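> Input file: structure.tsv. Contents: TSV, C-alpha atoms and all ligand atoms.
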chain	number	residue	atom	x	y	z
R	13	MET	CA	32.06	-33.55	27.83
R	14	THR	CA	28.52	-32.27	27.69
R	15	MET	CA	27.73	-29.88	24.90
R	16	PRO	CA	25.45	-26.94	25.52
R	17	SER	CA	22.07	-27.66	24.00
R	18	PRO	CA	19.31	-25.33	22.87
R	19	ARG	CA	15.79	-25.23	24.23
R	20	LYS	CA	13.67	-28.28	23.44
R	21	GLY	CA	12.17	-28.07	19.97
R	22	VAL	CA	14.77	-25.79	18.43
R	23	LEU	CA	16.54	-28.61	16.62
R	24	ASP	CA	13.19	-29.77	15.20
R	25	ILE	CA	13.06	-26.54	13.21
R	26	ALA	CA	13.66	-26.92	9.50
R	27	PRO	CA	15.57	-23.72	8.65
R	28	TYR	CA	13.72	-21.31	6.35
R	29	ILE	CA	15.05	-21.56	2.81
R	30	PRO	CA	14.72	-18.22	1.02
R	31	GLY	CA	14.04	-17.94	-2.70
R	32	SER	CA	17.24	-18.32	-4.68
R	33	SER	CA	18.72	-15.37	-6.54
R	34	LYS	CA	21.07	-17.53	-8.59
R	35	ALA	CA	20.35	-18.94	-12.02
R	36	GLU	CA	22.34	-21.47	-13.99
R	37	GLY	CA	22.28	-19.41	-17.12
R	38	GLY	CA	21.16	-16.30	-18.90
R	39	GLU	CA	22.78	-12.90	-19.04
R	40	ASN	CA	19.64	-11.29	-17.75
R	41	VAL	CA	18.55	-13.08	-14.64
R	42	PHE	CA	14.98	-12.65	-13.48
R	43	LYS	CA	14.43	-13.45	-9.83
R	44	LEU	CA	10.84	-14.60	-9.62
R	45	SER	CA	11.24	-16.51	-6.38
R	46	SER	CA	10.47	-14.13	-3.51
R	47	ASN	CA	7.35	-12.15	-4.47
R	48	GLU	CA	9.31	-8.91	-4.63
R	49	SER	CA	7.87	-6.00	-6.60
R	50	PRO	CA	8.88	-5.95	-10.28
R	51	LEU	CA	8.47	-2.16	-10.19
R	52	GLY	CA	11.02	-1.70	-7.43
R	53	PRO	CA	10.65	0.79	-4.60
R	54	SER	CA	9.05	4.20	-4.91
R	55	PRO	CA	11.63	6.70	-6.25
R	56	ARG	CA	10.68	8.84	-3.26
R	57	ALA	CA	11.58	6.04	-0.86
R	58	LEU	CA	14.90	5.57	-2.61
R	59	ALA	CA	15.60	9.31	-2.40
R	60	ALA	CA	14.74	9.30	1.31
R	61	VAL	CA	17.31	6.56	1.95
R	62	GLN	CA	19.94	8.32	-0.15
R	63	ALA	CA	19.32	11.52	1.77
R	64	LEU	CA	20.30	9.95	5.10
R	65	ASP	CA	23.31	11.84	6.39
R	66	ALA	CA	26.03	10.99	8.89
R	67	GLU	CA	23.96	12.44	11.70
R	68	ALA	CA	21.04	10.13	10.87
R	69	ILE	CA	23.38	7.16	10.76
R	70	VAL	CA	25.44	7.81	13.88
R	71	ARG	CA	22.31	8.25	16.03
R	72	TYR	CA	20.04	5.47	17.21
R	73	PRO	CA	16.73	5.60	15.37
R	74	ASP	CA	13.53	6.67	17.06
R	75	ASP	CA	12.58	3.84	19.44
R	76	ALA	CA	8.82	4.29	19.15
R	77	PRO	CA	8.64	5.97	15.76
R	78	VAL	CA	5.68	8.33	16.04
R	79	GLU	CA	5.87	9.79	12.56
R	80	LEU	CA	5.64	6.54	10.67
R	81	ARG	CA	3.03	5.10	13.00
R	82	ASN	CA	0.99	8.28	12.57
R	83	ALA	CA	1.28	8.07	8.80
R	84	ILE	CA	0.20	4.42	8.73
R	85	ALA	CA	-2.64	5.19	11.12
R	86	ALA	CA	-3.82	8.12	8.99
R	87	ARG	CA	-3.72	6.06	5.81
R	88	HIS	CA	-5.75	3.20	7.26
R	89	GLY	CA	-7.92	5.08	9.75
R	90	LEU	CA	-6.34	3.56	12.87
R	91	ASN	CA	-5.17	4.69	16.28
R	92	PRO	CA	-1.35	5.02	16.09
R	93	ASP	CA	-1.10	3.70	19.67
R	94	ASN	CA	-2.35	0.36	18.40
R	95	ILE	CA	0.46	-0.04	15.87
R	96	VAL	CA	3.79	-1.77	16.48
R	97	LEU	CA	6.49	-1.55	13.83
R	98	GLY	CA	8.73	-4.50	13.10
R	99	ASN	CA	11.93	-5.46	11.34
R	100	GLY	CA	9.79	-6.97	8.61
R	101	SER	CA	6.44	-8.44	9.55
R	102	ASP	CA	8.32	-11.71	10.18
R	103	GLU	CA	9.66	-10.16	13.38
R	104	LEU	CA	6.13	-9.36	14.54
R	105	LEU	CA	4.87	-12.86	13.72
R	106	THR	CA	7.78	-14.24	15.74
R	107	LEU	CA	7.20	-11.82	18.63
R	108	MET	CA	3.59	-13.00	18.84
R	109	ALA	CA	4.89	-16.52	19.41
R	110	GLN	CA	7.47	-15.35	21.94
R	111	GLY	CA	4.92	-13.30	23.83
R	112	TYR	CA	2.11	-15.83	23.94
R	113	LEU	CA	3.51	-19.36	23.65
R	114	ALA	CA	5.33	-21.57	26.13
R	115	ALA	CA	6.26	-25.25	26.27
R	116	GLY	CA	3.10	-27.36	26.13
R	117	ASP	CA	1.12	-24.70	24.26
R	118	GLU	CA	-0.20	-25.20	20.77
R	119	ALA	CA	-0.62	-22.88	17.82
R	120	ILE	CA	-2.58	-23.75	14.69
R	121	CYS	CA	-1.48	-23.09	11.12
R	122	SER	CA	-3.00	-24.23	7.86
R	123	GLU	CA	-1.41	-27.17	6.08
R	124	HIS	CA	0.10	-25.15	3.25
R	125	GLY	CA	0.57	-21.95	5.24
R	126	PHE	CA	3.59	-19.66	5.39
R	127	LEU	CA	6.62	-21.51	6.81
R	128	VAL	CA	7.64	-18.71	9.16
R	129	TYR	CA	4.78	-19.71	11.53
R	130	PRO	CA	5.97	-23.21	12.50
R	131	ILE	CA	9.49	-21.83	12.90
R	132	ALA	CA	8.26	-19.11	15.26
R	133	ILE	CA	6.07	-21.57	17.17
R	134	ARG	CA	8.83	-24.15	17.67
R	135	ALA	CA	11.38	-21.47	18.55
R	136	ALA	CA	9.06	-20.47	21.40
R	137	GLY	CA	9.06	-24.09	22.63
R	138	ALA	CA	5.46	-24.72	21.61
R	139	THR	CA	3.88	-27.18	19.20
R	140	PRO	CA	2.52	-26.32	15.76
R	141	VAL	CA	-0.73	-28.07	14.85
R	142	PHE	CA	-1.53	-28.23	11.15
R	143	ALA	CA	-5.07	-28.03	9.77
R	144	PRO	CA	-5.61	-29.53	6.30
R	145	ASP	CA	-6.73	-27.17	3.55
R	146	HIS	CA	-9.71	-27.63	1.25
R	147	ASP	CA	-9.03	-29.41	-2.04
R	148	ASP	CA	-8.90	-26.03	-3.78
R	149	LEU	CA	-6.11	-25.07	-1.35
R	150	THR	CA	-8.12	-22.47	0.56
R	151	ALA	CA	-7.77	-22.59	4.33
R	152	ASN	CA	-10.41	-24.77	5.98
R	153	VAL	CA	-12.06	-22.90	8.85
R	154	ASP	CA	-13.81	-25.99	10.19
R	155	ALA	CA	-10.59	-28.01	10.16
R	156	ILE	CA	-8.85	-25.23	12.10
R	157	LEU	CA	-11.68	-24.98	14.65
R	158	GLU	CA	-11.72	-28.76	15.12
R	159	ARG	CA	-8.09	-28.60	16.21
R	160	VAL	CA	-8.60	-26.01	18.92
R	161	THR	CA	-7.93	-27.41	22.41
R	162	GLU	CA	-7.50	-25.80	25.81
R	163	ARG	CA	-3.79	-25.54	24.92
R	164	THR	CA	-4.33	-23.46	21.78
R	165	ARG	CA	-3.01	-19.92	22.26
R	166	LEU	CA	-2.60	-18.68	18.69
R	167	VAL	CA	-4.02	-19.32	15.23
R	168	TYR	CA	-1.94	-18.04	12.32
R	169	LEU	CA	-3.78	-17.29	9.10
R	170	ALA	CA	-2.11	-15.80	6.02
R	171	ASN	CA	-4.81	-14.07	4.01
R	172	PRO	CA	-4.10	-14.25	1.12
R	173	ASN	CA	-1.93	-17.26	1.78
R	174	ASN	CA	1.59	-17.76	0.50
R	175	PRO	CA	2.37	-19.98	-1.46
R	176	THR	CA	-1.14	-20.92	-2.61
R	177	GLY	CA	-2.35	-17.40	-3.49
R	178	THR	CA	-5.80	-18.35	-2.20
R	179	TYR	CA	-7.81	-16.23	0.24
R	180	LEU	CA	-10.70	-16.39	2.66
R	181	PRO	CA	-13.57	-13.92	2.34
R	182	ILE	CA	-13.97	-11.78	5.45
R	183	SER	CA	-17.16	-13.70	6.34
R	184	GLU	CA	-15.05	-16.86	6.74
R	185	VAL	CA	-12.42	-15.03	8.78
R	186	ARG	CA	-15.21	-13.77	11.05
R	187	ARG	CA	-16.59	-17.27	11.39
R	188	LEU	CA	-13.12	-18.51	12.33
R	189	HIS	CA	-12.78	-15.79	14.95
R	190	ALA	CA	-16.27	-16.43	16.32
R	191	GLY	CA	-15.38	-20.09	16.87
R	192	LEU	CA	-12.19	-19.41	18.84
R	193	PRO	CA	-12.10	-19.16	22.63
R	194	GLU	CA	-11.43	-15.65	23.93
R	195	SER	CA	-8.08	-16.81	25.29
R	196	CYS	CA	-6.81	-17.62	21.80
R	197	ILE	CA	-5.45	-14.91	19.48
R	198	LEU	CA	-6.13	-14.93	15.75
R	199	VAL	CA	-3.06	-13.60	13.92
R	200	ILE	CA	-4.06	-12.42	10.45
R	201	ASP	CA	-1.04	-12.02	8.19
R	202	ALA	CA	-2.18	-9.73	5.37
R	203	ALA	CA	1.18	-9.33	3.61
R	204	TYR	CA	-0.49	-9.26	0.18
R	205	ALA	CA	-3.61	-7.24	1.08
R	206	GLU	CA	-2.71	-4.38	-1.28
R	207	TYR	CA	-3.01	-6.68	-4.29
R	208	VAL	CA	-6.37	-8.25	-3.57
R	209	ARG	CA	-9.23	-7.17	-5.83
R	210	ARG	CA	-12.21	-9.01	-4.41
R	211	ASN	CA	-15.33	-7.42	-2.96
R	212	ASP	CA	-15.62	-10.04	-0.24
R	213	TYR	CA	-12.04	-9.55	0.98
R	214	GLU	CA	-10.97	-7.41	3.93
R	215	ALA	CA	-7.54	-7.39	5.54
R	216	GLY	CA	-9.14	-7.58	9.00
R	217	ILE	CA	-8.92	-4.05	10.38
R	218	GLU	CA	-12.52	-3.95	11.57
R	219	LEU	CA	-12.20	-7.33	13.18
R	220	VAL	CA	-9.13	-6.18	15.12
R	221	SER	CA	-10.94	-3.02	16.20
R	222	SER	CA	-13.93	-4.91	17.51
R	223	ALA	CA	-12.20	-7.77	19.38
R	224	GLU	CA	-9.60	-8.28	22.09
R	225	ASN	CA	-8.07	-11.36	20.46
R	226	VAL	CA	-7.25	-10.49	16.86
R	227	VAL	CA	-4.14	-8.86	15.37
R	228	MET	CA	-3.24	-8.08	11.77
R	229	THR	CA	0.26	-7.81	10.30
R	230	ARG	CA	1.23	-5.91	7.16
R	231	THR	CA	4.47	-5.42	5.29
R	232	PHE	CA	6.37	-2.95	3.14
R	233	SER	CA	8.20	-5.87	1.50
R	234	LYS	CA	5.71	-6.73	-1.21
R	235	ALA	CA	3.59	-4.09	-2.99
R	236	TYR	CA	5.77	-1.27	-1.59
R	237	GLY	CA	8.95	-2.90	-2.86
R	238	LEU	CA	11.06	-2.38	0.28
R	239	ALA	CA	11.92	-5.98	1.20
R	240	GLY	CA	15.63	-5.20	1.61
R	241	LEU	CA	14.99	-2.65	4.34
R	242	ARG	CA	12.84	-4.93	6.50
R	243	LEU	CA	9.74	-3.05	7.57
R	244	GLY	CA	6.37	-4.32	8.71
R	245	TRP	CA	3.66	-3.34	11.16
R	246	LEU	CA	1.09	-4.91	13.40
R	247	TYR	CA	-2.30	-3.53	14.36
R	248	GLY	CA	-3.74	-4.98	17.52
R	249	PRO	CA	-5.61	-4.34	20.76
R	250	SER	CA	-3.76	-2.24	23.36
R	251	HIS	CA	-3.01	-5.17	25.66
R	252	VAL	CA	-1.24	-7.05	22.85
R	253	VAL	CA	0.64	-3.95	21.71
R	254	ASP	CA	1.82	-3.53	25.30
R	255	VAL	CA	3.18	-7.10	25.34
R	256	LEU	CA	5.01	-6.66	22.04
R	257	ASN	CA	6.52	-3.37	23.14
R	258	ARG	CA	7.92	-5.09	26.23
R	259	ILE	CA	9.60	-7.94	24.38
R	260	ARG	CA	10.73	-6.40	21.09
R	261	GLY	CA	14.29	-5.23	20.82
R	262	PRO	CA	14.81	-1.53	21.37
R	263	PHE	CA	15.32	0.31	18.04
R	264	ASN	CA	14.06	-2.75	16.14
R	265	VAL	CA	13.37	-0.69	13.01
R	266	ASN	CA	16.37	1.01	11.45
R	267	ALA	CA	16.65	4.62	10.30
R	268	ALA	CA	16.68	3.78	6.58
R	269	ALA	CA	13.52	1.71	6.87
R	270	LEU	CA	11.76	4.47	8.81
R	271	ALA	CA	12.66	7.12	6.23
R	272	ALA	CA	11.79	4.92	3.26
R	273	GLY	CA	8.54	3.72	4.78
R	274	LEU	CA	7.31	7.25	5.33
R	275	ALA	CA	8.16	8.31	1.77
R	276	ALA	CA	6.70	5.12	0.28
R	277	LEU	CA	3.44	5.68	2.10
R	278	GLU	CA	3.16	9.18	0.64
R	279	ASP	CA	3.75	7.90	-2.89
R	280	THR	CA	0.28	6.49	-3.46
R	281	GLU	CA	0.83	6.72	-7.20
R	282	HIS	CA	3.70	4.24	-7.10
R	283	LEU	CA	1.68	1.80	-5.03
R	284	GLN	CA	-1.18	2.17	-7.49
R	285	LYS	CA	1.17	1.39	-10.38
R	286	ALA	CA	2.39	-1.75	-8.64
R	287	VAL	CA	-1.17	-2.93	-8.09
R	288	GLU	CA	-2.19	-2.12	-11.67
R	289	HIS	CA	0.83	-3.98	-13.01
R	290	ASN	CA	-0.32	-6.98	-11.03
R	291	ASP	CA	-3.92	-6.56	-12.22
R	292	ARG	CA	-2.66	-6.82	-15.76
R	293	TRP	CA	-0.13	-9.63	-15.49
R	294	LEU	CA	-1.67	-11.95	-12.91
R	295	PRO	CA	-4.62	-12.88	-15.17
R	296	TRP	CA	-2.40	-12.88	-18.29
R	297	LEU	CA	0.09	-15.31	-16.78
R	298	THR	CA	-2.66	-17.49	-15.33
R	299	GLU	CA	-4.31	-17.77	-18.71
R	300	GLU	CA	-1.12	-18.31	-20.71
R	301	ILE	CA	0.12	-21.00	-18.34
R	302	GLU	CA	-3.24	-22.77	-18.44
R	303	LYS	CA	-3.17	-22.62	-22.23
R	304	LEU	CA	0.09	-24.57	-22.06
R	305	GLY	CA	-1.84	-27.31	-20.30
R	306	LEU	CA	-0.52	-26.72	-16.78
R	307	LYS	CA	-2.70	-26.37	-13.72
R	308	VAL	CA	-2.52	-23.07	-11.86
R	309	THR	CA	-4.09	-22.41	-8.47
R	310	PRO	CA	-6.20	-19.24	-8.87
R	311	SER	CA	-4.35	-16.46	-7.04
R	312	VAL	CA	-5.34	-13.02	-5.72
R	313	ALA	CA	-1.76	-12.09	-4.81
R	314	ASN	CA	1.41	-11.30	-6.80
R	315	PHE	CA	2.43	-14.89	-7.42
R	316	LEU	CA	1.11	-18.13	-8.86
R	317	LEU	CA	1.42	-21.74	-7.85
R	318	ILE	CA	2.03	-23.83	-10.99
R	319	HIS	CA	1.45	-27.59	-10.89
R	320	PHE	CA	3.44	-29.83	-13.23
R	321	PRO	CA	2.46	-33.17	-14.78
R	322	ASP	CA	3.64	-36.33	-13.07
R	323	GLU	CA	5.60	-37.41	-16.14
R	324	GLU	CA	9.23	-38.27	-16.61
R	325	GLY	CA	11.21	-35.14	-17.49
R	326	ARG	CA	8.26	-32.79	-16.99
R	327	ARG	CA	8.08	-32.56	-13.24
R	328	ALA	CA	8.64	-29.42	-11.19
R	329	PRO	CA	12.35	-30.06	-10.48
R	330	ASP	CA	12.94	-30.57	-14.23
R	331	ALA	CA	11.12	-27.32	-14.96
R	332	TYR	CA	13.08	-25.53	-12.25
R	333	ARG	CA	16.41	-26.53	-13.86
R	334	PHE	CA	15.22	-25.76	-17.38
R	335	LEU	CA	13.95	-22.31	-16.43
R	336	SER	CA	17.05	-21.59	-14.39
R	337	ARG	CA	19.21	-22.21	-17.46
R	338	ARG	CA	17.08	-19.56	-19.17
R	339	GLY	CA	17.78	-17.11	-16.36
R	340	LEU	CA	14.35	-17.49	-14.78
R	341	ILE	CA	14.41	-18.32	-11.08
R	342	LEU	CA	11.22	-19.70	-9.55
R	343	ARG	CA	10.67	-21.18	-6.13
R	344	GLY	CA	10.66	-24.92	-5.43
R	345	MET	CA	7.74	-25.90	-3.21
R	346	GLY	CA	8.87	-29.16	-1.62
R	347	GLY	CA	9.05	-27.51	1.79
R	348	TYR	CA	5.41	-26.47	1.46
R	349	GLY	CA	4.16	-29.95	0.63
R	350	PHE	CA	4.02	-29.38	-3.13
R	351	PRO	CA	6.94	-31.39	-4.52
R	352	ASN	CA	5.52	-31.12	-8.03
R	353	ALA	CA	4.77	-27.38	-8.11
R	354	LEU	CA	6.75	-24.17	-8.52
R	355	ARG	CA	5.80	-20.73	-7.32
R	356	LEU	CA	6.17	-17.88	-9.79
R	357	SER	CA	6.28	-14.25	-8.70
R	358	ILE	CA	4.73	-11.82	-11.18
R	359	GLY	CA	7.64	-10.07	-12.91
R	360	THR	CA	8.27	-7.28	-15.35
R	361	GLU	CA	6.62	-7.54	-18.75
R	362	GLU	CA	9.86	-8.90	-20.20
R	363	ALA	CA	10.22	-11.52	-17.48
R	364	ASN	CA	6.60	-12.62	-17.82
R	365	ARG	CA	6.81	-13.02	-21.60
R	366	ARG	CA	10.11	-14.88	-21.38
R	367	LEU	CA	8.68	-17.17	-18.77
R	368	ILE	CA	5.81	-18.22	-21.02
R	369	GLU	CA	8.18	-18.82	-23.94
R	370	ALA	CA	10.50	-20.88	-21.78
R	371	LEU	CA	7.66	-22.91	-20.28
R	372	ARG	CA	6.38	-23.66	-23.77
R	373	ASP	CA	9.82	-24.86	-24.85
R	374	PHE	CA	10.12	-26.94	-21.71
R	375	LEU	CA	6.81	-28.70	-22.32
R	376	GLU	CA	7.59	-29.23	-26.00
R	377	GLY	CA	10.83	-30.88	-25.00
R	378	GLN	CA	13.10	-28.35	-26.62
R	379	GLY	CA	16.61	-27.87	-25.32
R	380	ALA	CA	17.30	-25.05	-22.96
O	401	LIG	C1	6.48	-12.12	2.28
O	401	LIG	C2	5.57	-12.47	3.39
O	401	LIG	C3	5.62	-11.77	4.59
O	401	LIG	C4	6.47	-10.56	4.70
O	401	LIG	O1	7.54	-10.72	5.48
O	401	LIG	P1	8.44	-9.46	5.85
O	401	LIG	O2	9.16	-9.94	7.03
O	401	LIG	O3	7.53	-8.31	6.15
O	401	LIG	O4	9.30	-9.18	4.66
O	401	LIG	C5	4.76	-12.13	5.61
O	401	LIG	N1	3.86	-13.12	5.43
O	401	LIG	C6	3.77	-13.79	4.27
O	401	LIG	C7	2.72	-14.82	4.12
O	401	LIG	C8	4.63	-13.50	3.23
O	401	LIG	O5	4.57	-14.19	2.10
Rewrite the structure from the file as structure tokens, please.
Ligand SMILES: *Cc1c(COP(=O)(O)O)cnc(C)c1O


Amino acid sequence: MTMPSPRKGVLDIAPYIPGSSKAEGGENVFKLSSNESPLGPSPRALAAVQALDAEAIVRYPDDAPVELRNAIAARHGLNPDNIVLGNGSDELLTLMAQGYLAAGDEAICSEHGFLVYPIAIRAAGATPVFAPDHDDLTANVDAILERVTERTRLVYLANPNNPTGTYLPISEVRRLHAGLPESCILVIDAAYAEYVRRNDYEAGIELVSSAENVVMTRTFSKAYGLAGLRLGWLYGPSHVVDVLNRIRGPFNVNAAALAAGLAALEDTEHLQKAVEHNDRWLPWLTEEIEKLGLKVTPSVANFLLIHFPDEEGRRAPDAYRFLSRRGLILRGMGGYGFPNALRLSIGTEEANRRLIEALRDFLEGQGA
């Protein structure tokens, strides 16, 4: 008997492993494994979801949601016709692969880039090509450009990158774009753009506006705190938007996400609070963890990559178990090529303080 088999490449995909929400111990569990907002969603977004009535639920949502696209466009100074909404930005990153890649094509990602890209690339039957990062874990523009061939159709760049928390200044992103052939699209994934406080950083809006081969994706999952509703958007040239609108599923964004997204966008105060919370705790955690003698990759996002010593009982998996028994869930990084690191999402004040206490106990060899 012959079994049905999937398209070539599908079984080479290592399934995405989401951050755990389970801890081994602790009454109060702090999930610090998925870069979700410690402040939660805007109360206005929550109210908008709760206000959905039977009529809103029995009907299909708007297929080409004008209101939300208009609101996003107004906020960022864009043309709403150049925006595509997605069921999370992951859907849009995947649609880019589906729309532009075929068997034999290549797409480039950075060595420690977001794992959704190679999944999307392989699912489209194409081949991911990995470019090594610099020693400081920033993406290496020259290494990416060196790997461009006549088969390269897409380059995925998370800026800032997850899980390293590093970023490229816009001058480097421009240099990357300038070195790509016109037939190759640069996909800038700016999921953490709201958090970045650097004068030389730009999410890429101007670059998209001035080129035919650049798109930028954004999400409501991180600073806006709406990960559970799945809402993201892409800004791109008209010809790319046209392709995505042909291949996306009809009604790909649900009614709750549309309502919440609109309300969240209006609540600039809540967004501001989320960013200020990060401004306070990102440097605090970095400093406190370094004081404990651990190495931290400098981050501009809402998470930190913590490197553990290569010593018996003090490695990342040991720390993971110890912290888990204290109700603190971090993210193992083996899948990202960092077997001896954990990623920590910035949490509430209580979570952050507990984390430092627990890490100190772990390093001092005290029992959990
Ligand atoms: C979290 C994250 C996203 C967001 O994904 P959604 O599907 O919008 O929730 C996209 N890119 C990166 C690099 C991320 O870390």

> Given only C-alpha atoms as the basis, pick out the residue of R:Thr14, R:Asn91, R:Thr231, R:Ser54 nearest to His282 of chain R.

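Of the candidates, the smallest distance to His282 of chain R is held by R:Ser54.
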
> Give me the chain R side of the contact with ligand LIG 401 (chain O), cut-off 9 Å, one line per residue showing its nearest atom pair and distance in Å at one decimal, counting only C-alpha atoms and all ligand atoms, sorted by chain and residue number, as a Markdown table.


| residue | atom | partner | partner_atom | distance |
| --- | --- | --- | --- | --- |
| R:Ser46 | CA | O:LIG401 | C1 | 7.3 |
| R:Asn47 | CA | O:LIG401 | C1 | 6.8 |
| R:Glu48 | CA | O:LIG401 | C1 | 8.1 |
| R:Gly98 | CA | O:LIG401 | O3 | 8.0 |
| R:Asn99 | CA | O:LIG401 | O2 | 6.8 |
| R:Gly100 | CA | O:LIG401 | O2 | 3.4 |
| R:Ser101 | CA | O:LIG401 | O3 | 3.6 |
| R:Asp102 | CA | O:LIG401 | O2 | 3.7 |
| R:Glu103 | CA | O:LIG401 | O2 | 6.4 |
| R:Leu104 | CA | O:LIG401 | O2 | 8.1 |
| R:Leu105 | CA | O:LIG401 | C5 | 8.1 |
| R:Gly125 | CA | O:LIG401 | C7 | 7.5 |
| R:Phe126 | CA | O:LIG401 | C7 | 5.1 |
| R:Leu127 | CA | O:LIG401 | C7 | 8.2 |
| R:Val128 | CA | O:LIG401 | N1 | 7.7 |
| R:Leu169 | CA | O:LIG401 | C7 | 8.6 |
| R:Ala170 | CA | O:LIG401 | C7 | 5.3 |
| R:Asn171 | CA | O:LIG401 | C7 | 7.6 |
| R:Pro172 | CA | O:LIG401 | C7 | 7.5 |
| R:Asn173 | CA | O:LIG401 | C7 | 5.7 |
| R:Asn174 | CA | O:LIG401 | C7 | 4.8 |
| R:Pro175 | CA | O:LIG401 | O5 | 7.1 |
| R:Asp201 | CA | O:LIG401 | N1 | 5.7 |
| R:Ala202 | CA | O:LIG401 | N1 | 6.9 |
| R:Ala203 | CA | O:LIG401 | C5 | 5.0 |
| R:Tyr204 | CA | O:LIG401 | C8 | 7.3 |
| R:Thr229 | CA | O:LIG401 | C5 | 7.8 |
| R:Arg230 | CA | O:LIG401 | O3 | 6.8 |
| R:Thr231 | CA | O:LIG401 | O3 | 4.3 |
| R:Phe232 | CA | O:LIG401 | O3 | 6.3 |
| R:Ser233 | CA | O:LIG401 | O4 | 4.7 |
| R:Lys234 | CA | O:LIG401 | C1 | 6.5 |
| R:Leu238 | CA | O:LIG401 | O4 | 8.3 |
| R:Ala239 | CA | O:LIG401 | O4 | 5.4 |
| R:Gly240 | CA | O:LIG401 | O4 | 8.1 |
| R:Leu241 | CA | O:LIG401 | O4 | 8.7 |
| R:Arg242 | CA | O:LIG401 | O4 | 5.8 |
| R:Leu243 | CA | O:LIG401 | O3 | 5.9 |
| R:Gly244 | CA | O:LIG401 | O3 | 4.9 |
| R:Trp245 | CA | O:LIG401 | O3 | 8.0 |

> Which polymer residues have any atom within 10 Å of an atom of Ala136 of chain R, counting all atoms listed in the file, with same-chain residues fewer than 5 positions away left out, as an MDAnalysis selection string?

chainID R and resid 19:22 106:115 117 130:131

> Identify, on the basis of all atoms listed in the file, every residue whose closest approach to Ile301 of chain R does not exceed 12 Å; exclude the query and any residue fewer than 5 positions from it along the same chain; express the result as a short mmCIF file (atom, residue, chain, number, x, y, z; two decimals) with C-alpha atoms, in the coordinates of the input.


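Dumped everything to part11.cif:
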data_model
loop_
_atom_site.label_atom_id
_atom_site.label_comp_id
_atom_site.auth_asym_id
_atom_site.auth_seq_id
_atom_site.Cartn_x
_atom_site.Cartn_y
_atom_site.Cartn_z
CA TRP R 293 -0.13 -9.63 -15.49
CA LEU R 294 -1.67 -11.95 -12.91
CA PRO R 295 -4.62 -12.88 -15.17
CA TRP R 296 -2.40 -12.88 -18.29
CA LEU R 306 -0.52 -26.72 -16.78
CA LYS R 307 -2.70 -26.37 -13.72
CA VAL R 308 -2.52 -23.07 -11.86
CA THR R 309 -4.09 -22.41 -8.47
CA PRO R 310 -6.20 -19.24 -8.87
CA LEU R 316 1.11 -18.13 -8.86
CA LEU R 317 1.42 -21.74 -7.85
CA ILE R 318 2.03 -23.83 -10.99
CA HIS R 319 1.45 -27.59 -10.89
CA PHE R 320 3.44 -29.83 -13.23
CA LEU R 356 6.17 -17.88 -9.79
CA ASN R 364 6.60 -12.62 -17.82
CA ARG R 365 6.81 -13.02 -21.60
CA LEU R 367 8.68 -17.17 -18.77
CA ILE R 368 5.81 -18.22 -21.02
CA GLU R 369 8.18 -18.82 -23.94
CA ALA R 370 10.50 -20.88 -21.78
CA LEU R 371 7.66 -22.91 -20.28
CA ARG R 372 6.38 -23.66 -23.77
CA LEU R 375 6.81 -28.70 -22.32
#

> List the neighbours of Glu184 of chain R out to 12 Å using only C-alpha atoms; skip same-chain residues closer than 6 positions along the sequence, and give me the result as an NGL selection string.

:R and (150-154 or 156-157 or 169 or 171 or 190-191 or 212-214 or 216 or 219)

> Nearest residue to Val253 of chain R out of R:Met228, R:Leu80, R:Val96, R:Ala205, using all atoms listed in the file?

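Among R:Met228, R:Leu80, R:Val96, R:Ala205, it is R:Val96 that comes nearest to Val253 of chain R.
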
> Expressed in Å to a single decimal, how great is the separation between atom CA of Pro50 of chain R and atom CA of Val227 of chain R?

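Atom-to-atom, atom CA of Pro50 of chain R and atom CA of Val227 of chain R are spaced 28.9 Å apart.
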
> Which residue out of R:Ala286, R:Val160, R:Val265, R:Met13 has the minimum interatomic distance to Asp75 of chain R when all atoms listed in the file are used?

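Among the listed residues, R:Val265 lies closest to Asp75 of chain R.
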
> Please return as a tab-separated table (two decimals) with C-alpha atoms, in the frame of the given file every residue within 12 Å of (3.1, -33.3, -11.9), taking into account only C-alpha atoms and the file's own coordinates.


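Final output, saved to result.tsv:
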chain	number	residue	atom	x	y	z
R	305	GLY	CA	-1.84	-27.31	-20.30
R	306	LEU	CA	-0.52	-26.72	-16.78
R	307	LYS	CA	-2.70	-26.37	-13.72
R	308	VAL	CA	-2.52	-23.07	-11.86
R	318	ILE	CA	2.03	-23.83	-10.99
R	319	HIS	CA	1.45	-27.59	-10.89
R	320	PHE	CA	3.44	-29.83	-13.23
R	321	PRO	CA	2.46	-33.17	-14.78
R	322	ASP	CA	3.64	-36.33	-13.07
R	323	GLU	CA	5.60	-37.41	-16.14
R	324	GLU	CA	9.23	-38.27	-16.61
R	325	GLY	CA	11.21	-35.14	-17.49
R	326	ARG	CA	8.26	-32.79	-16.99
R	327	ARG	CA	8.08	-32.56	-13.24
R	328	ALA	CA	8.64	-29.42	-11.19
R	329	PRO	CA	12.35	-30.06	-10.48
R	330	ASP	CA	12.94	-30.57	-14.23
R	331	ALA	CA	11.12	-27.32	-14.96
R	350	PHE	CA	4.02	-29.38	-3.13
R	351	PRO	CA	6.94	-31.39	-4.52
R	352	ASN	CA	5.52	-31.12	-8.03
R	353	ALA	CA	4.77	-27.38	-8.11
R	354	LEU	CA	6.75	-24.17	-8.52
R	375	LEU	CA	6.81	-28.70	-22.32

> Would you list the residues near (3.4, -4.6, -14.4) (no more than 10 Å away, in the coordinates of the file, using all atoms listed in the file) as a list in words?

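So the residues meeting the distance criterion are Ser49, Pro50, Leu51, Lys285, Ala286, Val287, Glu288, His289, Asn290, Asp291, Arg292, Trp293, Leu294, Ile358, Gly359, Thr360, Glu361, Glu362 and Asn364 of chain R.
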